[in-house]
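*Asks:* Dropping in model.pdb, which is PDB, C-alpha atoms, pLDDT in the B column:
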```
MODEL        1
ATOM      1  CA  MET A   1      51.751 -11.202 -18.879  1.00 55.00           C
ATOM      2  CA  ARG A   2      48.779 -10.868 -21.231  1.00 65.00           C
ATOM      3  CA  ILE A   3      46.585 -13.206 -19.173  1.00 68.00           C
ATOM      4  CA  ASN A   4      47.768 -11.617 -15.918  1.00 77.00           C
ATOM      5  CA  ASP A   5      46.970  -8.141 -17.258  1.00 80.00           C
ATOM      6  CA  ARG A   6      43.505  -9.225 -18.384  1.00 82.00           C
ATOM      7  CA  VAL A   7      42.704 -10.884 -15.043  1.00 84.00           C
ATOM      8  CA  PHE A   8      43.988  -7.825 -13.163  1.00 85.00           C
ATOM      9  CA  GLY A   9      41.950  -5.584 -15.487  1.00 86.00           C
ATOM     10  CA  MET A  10      38.788  -7.563 -14.767  1.00 90.00           C
ATOM     11  CA  LEU A  11      39.384  -7.407 -11.012  1.00 91.00           C
ATOM     12  CA  MET A  12      39.979  -3.661 -11.197  1.00 91.00           C
ATOM     13  CA  LEU A  13      36.836  -3.204 -13.314  1.00 92.00           C
ATOM     14  CA  ILE A  14      34.803  -5.012 -10.646  1.00 93.00           C
ATOM     15  CA  LEU A  15      36.397  -2.790  -7.999  1.00 92.00           C
ATOM     16  CA  ALA A  16      35.589   0.341 -10.042  1.00 92.00           C
ATOM     17  CA  VAL A  17      31.930  -0.644 -10.426  1.00 93.00           C
ATOM     18  CA  VAL A  18      31.507  -1.496  -6.737  1.00 92.00           C
ATOM     19  CA  TYR A  19      33.374   1.653  -5.633  1.00 89.00           C
ATOM     20  CA  GLY A  20      31.282   3.872  -7.924  1.00 88.00           C
ATOM     21  CA  TRP A  21      28.043   2.184  -6.839  1.00 89.00           C
ATOM     22  CA  GLU A  22      28.870   2.655  -3.159  1.00 88.00           C
ATOM     23  CA  ALA A  23      29.778   6.305  -3.773  1.00 83.00           C
ATOM     24  CA  THR A  24      26.263   6.964  -5.080  1.00 82.00           C
ATOM     25  CA  LYS A  25      24.867   5.816  -1.726  1.00 81.00           C
ATOM     26  CA  PHE A  26      26.457   8.666   0.245  1.00 74.00           C
ATOM     27  CA  PRO A  27      23.851  10.641   2.205  1.00 73.00           C
ATOM     28  CA  ILE A  28      22.610  13.913   0.733  1.00 71.00           C
ATOM     29  CA  PRO A  29      24.457  16.799   2.424  1.00 66.00           C
ATOM     30  CA  PHE A  30      22.619  19.194   4.721  1.00 67.00           C
ATOM     31  CA  GLY A  31      20.995  21.850   2.586  1.00 64.00           C
ATOM     32  CA  GLY A  32      20.099  19.623  -0.360  1.00 63.00           C
ATOM     33  CA  HIS A  33      21.850  18.469  -3.487  1.00 64.00           C
ATOM     34  CA  GLU A  34      24.982  20.295  -4.546  1.00 62.00           C
ATOM     35  CA  SER A  35      26.732  20.170  -7.889  1.00 64.00           C
ATOM     36  CA  VAL A  36      29.871  18.956  -6.117  1.00 64.00           C
ATOM     37  CA  GLY A  37      29.023  16.760  -3.172  1.00 67.00           C
ATOM     38  CA  PRO A  38      30.790  14.075  -1.171  1.00 71.00           C
ATOM     39  CA  GLU A  39      30.271  11.507  -3.934  1.00 75.00           C
ATOM     40  CA  THR A  40      31.885  13.521  -6.732  1.00 78.00           C
ATOM     41  CA  PHE A  41      35.538  12.593  -6.156  1.00 81.00           C
ATOM     42  CA  PRO A  42      34.929   8.850  -5.577  1.00 86.00           C
ATOM     43  CA  ILE A  43      32.778   8.662  -8.712  1.00 87.00           C
ATOM     44  CA  MET A  44      35.503  10.389 -10.752  1.00 90.00           C
ATOM     45  CA  LEU A  45      38.063   7.917  -9.382  1.00 91.00           C
ATOM     46  CA  SER A  46      35.831   4.959 -10.241  1.00 92.00           C
ATOM     47  CA  LEU A  47      35.373   6.252 -13.803  1.00 93.00           C
ATOM     48  CA  ILE A  48      39.125   6.642 -14.293  1.00 94.00           C
ATOM     49  CA  LEU A  49      39.745   3.185 -12.808  1.00 92.00           C
ATOM     50  CA  GLY A  50      37.027   1.677 -15.003  1.00 92.00           C
ATOM     51  CA  ILE A  51      38.403   3.211 -18.203  1.00 94.00           C
ATOM     52  CA  SER A  52      41.934   2.125 -17.307  1.00 92.00           C
ATOM     53  CA  SER A  53      40.714  -1.399 -16.524  1.00 91.00           C
ATOM     54  CA  ILE A  54      38.900  -1.711 -19.841  1.00 92.00           C
ATOM     55  CA  TYR A  55      42.033  -0.547 -21.649  1.00 89.00           C
ATOM     56  CA  LEU A  56      44.094  -3.146 -19.760  1.00 86.00           C
ATOM     57  CA  ILE A  57      41.627  -5.893 -20.718  1.00 87.00           C
ATOM     58  CA  VAL A  58      41.498  -4.884 -24.396  1.00 87.00           C
ATOM     59  CA  ARG A  59      45.179  -4.056 -24.927  1.00 83.00           C
ATOM     60  CA  PRO A  60      47.388  -5.888 -22.411  1.00 77.00           C
ATOM     61  CA  ASP A  61      51.110  -5.272 -22.378  1.00 73.00           C
ATOM     62  CA  PRO A  62      53.329  -7.706 -24.282  1.00 74.00           C
ATOM     63  CA  ASP A  63      55.276 -10.225 -22.271  1.00 69.00           C
ATOM     64  CA  GLU A  64      58.372  -8.646 -20.790  1.00 66.00           C
ATOM     65  CA  LYS A  65      60.933  -9.842 -18.321  1.00 72.00           C
ATOM     66  CA  TRP A  66      60.824  -8.720 -14.718  1.00 68.00           C
ATOM     67  CA  ALA A  67      62.582  -5.591 -13.551  1.00 70.00           C
ATOM     68  CA  PRO A  68      66.130  -5.997 -12.247  1.00 80.00           C
ATOM     69  CA  VAL A  69      66.603  -6.595  -8.528  1.00 82.00           C
ATOM     70  CA  ALA A  70      68.048  -3.101  -8.009  1.00 82.00           C
ATOM     71  CA  MET A  71      64.818  -1.545  -9.316  1.00 82.00           C
ATOM     72  CA  LEU A  72      62.694  -3.736  -7.064  1.00 82.00           C
ATOM     73  CA  ILE A  73      64.813  -2.674  -4.075  1.00 88.00           C
ATOM     74  CA  GLU A  74      64.331   1.005  -4.972  1.00 87.00           C
ATOM     75  CA  LEU A  75      60.574   0.493  -5.254  1.00 87.00           C
ATOM     76  CA  SER A  76      60.596  -1.251  -1.874  1.00 91.00           C
ATOM     77  CA  VAL A  77      62.427   1.715  -0.353  1.00 91.00           C
ATOM     78  CA  VAL A  78      59.735   4.073  -1.695  1.00 91.00           C
ATOM     79  CA  VAL A  79      56.914   1.894  -0.330  1.00 92.00           C
ATOM     80  CA  LEU A  80      58.613   1.613   3.073  1.00 94.00           C
ATOM     81  CA  SER A  81      59.160   5.374   3.225  1.00 93.00           C
ATOM     82  CA  MET A  82      55.449   5.953   2.462  1.00 92.00           C
ATOM     83  CA  LEU A  83      54.534   3.531   5.257  1.00 93.00           C
ATOM     84  CA  ALA A  84      56.913   5.357   7.593  1.00 92.00           C
ATOM     85  CA  PHE A  85      55.255   8.654   6.613  1.00 91.00           C
ATOM     86  CA  ALA A  86      51.800   7.238   7.355  1.00 90.00           C
ATOM     87  CA  TRP A  87      53.026   6.064  10.750  1.00 90.00           C
ATOM     88  CA  ALA A  88      54.872   9.303  11.605  1.00 88.00           C
ATOM     89  CA  ILE A  89      52.250  11.841  10.544  1.00 89.00           C
ATOM     90  CA  GLU A  90      50.349  11.709  13.871  1.00 86.00           C
ATOM     91  CA  PRO A  91      53.186  11.783  16.417  1.00 88.00           C
ATOM     92  CA  LEU A  92      55.517  14.085  14.447  1.00 90.00           C
ATOM     93  CA  GLY A  93      52.959  16.137  12.569  1.00 88.00           C
ATOM     94  CA  PHE A  94      52.500  16.649   8.848  1.00 88.00           C
ATOM     95  CA  MET A  95      55.274  19.189   8.238  1.00 90.00           C
ATOM     96  CA  PRO A  96      58.159  17.338   9.927  1.00 91.00           C
ATOM     97  CA  ALA A  97      57.064  13.932   8.578  1.00 92.00           C
ATOM     98  CA  ALA A  98      56.565  15.215   5.023  1.00 93.00           C
ATOM     99  CA  ALA A  99      59.843  17.154   5.119  1.00 94.00           C
ATOM    100  CA  LEU A 100      61.726  14.025   6.183  1.00 93.00           C
ATOM    101  CA  VAL A 101      60.140  11.743   3.594  1.00 95.00           C
ATOM    102  CA  VAL A 102      60.387  14.191   0.683  1.00 95.00           C
ATOM    103  CA  SER A 103      63.989  15.011   1.598  1.00 95.00           C
ATOM    104  CA  PHE A 104      64.901  11.330   1.824  1.00 95.00           C
ATOM    105  CA  LEU A 105      63.240  10.449  -1.493  1.00 93.00           C
ATOM    106  CA  SER A 106      64.794  13.472  -3.226  1.00 94.00           C
ATOM    107  CA  TRP A 107      68.200  12.390  -1.960  1.00 94.00           C
ATOM    108  CA  ARG A 108      67.551   8.822  -3.190  1.00 91.00           C
ATOM    109  CA  MET A 109      66.772  10.246  -6.645  1.00 89.00           C
ATOM    110  CA  GLY A 110      70.172  11.903  -6.805  1.00 89.00           C
ATOM    111  CA  ALA A 111      69.750  15.410  -5.393  1.00 91.00           C
ATOM    112  CA  SER A 112      72.397  16.764  -3.061  1.00 92.00           C
ATOM    113  CA  ILE A 113      71.613  16.757   0.643  1.00 93.00           C
ATOM    114  CA  ALA A 114      71.192  20.544   0.722  1.00 94.00           C
ATOM    115  CA  LYS A 115      68.836  20.602  -2.273  1.00 95.00           C
ATOM    116  CA  SER A 116      66.823  17.669  -0.976  1.00 95.00           C
ATOM    117  CA  LEU A 117      66.406  19.367   2.426  1.00 95.00           C
ATOM    118  CA  ILE A 118      65.285  22.597   0.745  1.00 95.00           C
ATOM    119  CA  THR A 119      62.819  20.635  -1.400  1.00 93.00           C
ATOM    120  CA  GLY A 120      61.459  18.683   1.575  1.00 93.00           C
ATOM    121  CA  VAL A 121      60.990  21.644   3.878  1.00 95.00           C
ATOM    122  CA  THR A 122      59.581  23.950   1.195  1.00 95.00           C
ATOM    123  CA  SER A 123      57.115  21.420  -0.171  1.00 94.00           C
ATOM    124  CA  SER A 124      55.863  20.376   3.259  1.00 93.00           C
ATOM    125  CA  VAL A 125      55.314  23.981   4.388  1.00 92.00           C
ATOM    126  CA  VAL A 126      53.561  24.964   1.143  1.00 94.00           C
ATOM    127  CA  ILE A 127      51.289  21.896   1.169  1.00 90.00           C
ATOM    128  CA  PHE A 128      50.496  22.403   4.860  1.00 90.00           C
ATOM    129  CA  PHE A 129      49.428  26.020   4.340  1.00 89.00           C
ATOM    130  CA  LEU A 130      47.457  25.145   1.197  1.00 87.00           C
ATOM    131  CA  PHE A 131      45.501  22.474   3.047  1.00 83.00           C
ATOM    132  CA  ASN A 132      44.979  24.502   6.223  1.00 82.00           C
ATOM    133  CA  ASN A 133      44.300  27.938   4.759  1.00 82.00           C
ATOM    134  CA  VAL A 134      42.972  27.418   1.224  1.00 81.00           C
ATOM    135  CA  LEU A 135      41.148  24.079   1.507  1.00 74.00           C
ATOM    136  CA  GLU A 136      40.460  24.501   5.249  1.00 74.00           C
ATOM    137  CA  LEU A 137      41.392  20.875   5.940  1.00 74.00           C
ATOM    138  CA  ALA A 138      43.313  20.449   9.164  1.00 77.00           C
ATOM    139  CA  LEU A 139      46.526  18.435   9.020  1.00 80.00           C
ATOM    140  CA  PRO A 140      48.084  17.146  12.248  1.00 81.00           C
ATOM    141  CA  LEU A 141      50.579  19.495  13.901  1.00 79.00           C
ATOM    142  CA  GLY A 142      52.274  16.866  16.079  1.00 78.00           C
ATOM    143  CA  LEU A 143      55.473  18.297  17.531  1.00 76.00           C
ATOM    144  CA  LEU A 144      54.596  21.816  16.340  1.00 73.00           C
ATOM    145  CA  GLU A 145      51.464  21.972  18.509  1.00 73.00           C
ATOM    146  CA  PHE A 146      51.967  24.474  21.310  1.00 65.00           C
TER     147      PHE A 146
ENDMDL
END
```
I need this file expressed as structure tokens, please.
*Replies:*
Amino acid sequence: MRINDRVFGMLMLILAVVYGWEATKFPIPFGGHESVGPETFPIMLSLILGISSIYLIVRPDPDEKWAPVAMLIELSVVVLSMLAFAWAIEPLGFMPAAALVVSFLSWRMGASIAKSLITGVTSSVVIFFLFNNVLELALPLGLLEF
């Protein structure tokens, strides 16, 4: 895996440089330069990706055997549930879609059905109100739109 890690690290380093370079080309916001503008978050992400890539190139992981099939199936379930969430967020709305996905994943991690439902509903409502009221970023209402 050492060669694979180094090749992956180089590809990710190229991606980090291109992503950071493109982020610097964002137009200046109305009203002039700000300390935190639209390019700030992408540049931070490219720096983190670049540092991680360099670490992966310099110190790759030792060769290890692949994960067992059961682990790969669990990871596939998580990826499929995230894809289902991305598909369902528009028609269902953020709160119902997030509640379903978080509840399902909590249940898959071993929580009881009641606790996973409480976790899913609570987290989706809290995140929805944080985004809508604190950050003032609208999330889709879907079925809850009256």
*Asks:* Might you pull out every residue within 9 Å of stretch 129-145 of chain A, with only C-alpha atoms counted and same-chain residues fewer than 3 positions away left off, and present them as a ChimeraX atom specification?
*Replies:* /A:89-96,124-126
*Asks:* Write out as a list in words the residues lying within 9 Å of A:Leu117, counting only C-alpha atoms and excluding same-chain residues fewer than 2 positions away.
*Replies:* Ala99, Leu100, Val102, Ser103, Phe104, Ser106, Trp107, Ser112, Ile113, Ala114, Lys115, Thr119, Gly120, Val121 and Thr122 of chain A
*Asks:* For A:Phe41, which of A:Gly20, A:Leu72, A:Asp61, A:Lys25 is the closest residue, counting all atoms listed in the file?
*Replies:*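 Residue with the minimum atom-to-atom distance to A:Phe41: A:Gly20.
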*Asks:* Could you tell me how far atom CA of A:Glu39 sits from atom CA of A:Ala16, in Å to one decimal place?
*Replies:*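 So the answer is 13.8 Å.
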*Asks:* On this file, the PyMOL selection byres ((chain A and resi 14) around 12) gives some set of residues; write that set as a list in words.
*Replies:* Val7, Phe8, Gly9, Met10, Leu11, Met12, Leu13, Leu15, Ala16, Val17, Val18, Tyr19, Gly20, Trp21, Ser46, Leu47, Leu49, Gly50, Ile51, Ser53 and Ile54 of chain A
*Asks:* Interatomic distance between atom CA of A:Glu22 and atom CA of A:Arg59?
*Replies:*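 Separating atom CA of A:Glu22 from atom CA of A:Arg59 is a distance of 28.0 Å.
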*Asks:* How far is it from atom CA of A:Met44 to atom CA of A:Leu80, in Å with one decimal?
*Replies:*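 Going from atom CA of A:Met44 over to atom CA of A:Leu80, I get 28.3 Å.
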*Asks:* Taking all atoms of stretch 108-114 of chain A that the file lists, what box with edges along x, y and z, padded by 3 Å per side, do you get, with centre and edge lengths in Å to one decimal, as JSON?
*Replies:*
```
{"center_x": 69.6, "center_y": 14.7, "center_z": -3.0, "size_x": 11.6, "size_y": 17.7, "size_z": 13.5}
```
*Asks:* Residues proximal to (64.6, 5.4, -7.9) were defined as those with any atom within 10 Å of that point in the file's coordinates, counting all atoms listed in the file. Which are they, as a list in words?
*Replies:*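 Residues close enough to count: Ala70, Met71, Leu72, Ile73, Glu74, Leu75, Ser76, Val77, Val78, Leu105, Ser106, Trp107, Arg108, Met109 and Gly110 of chain A.
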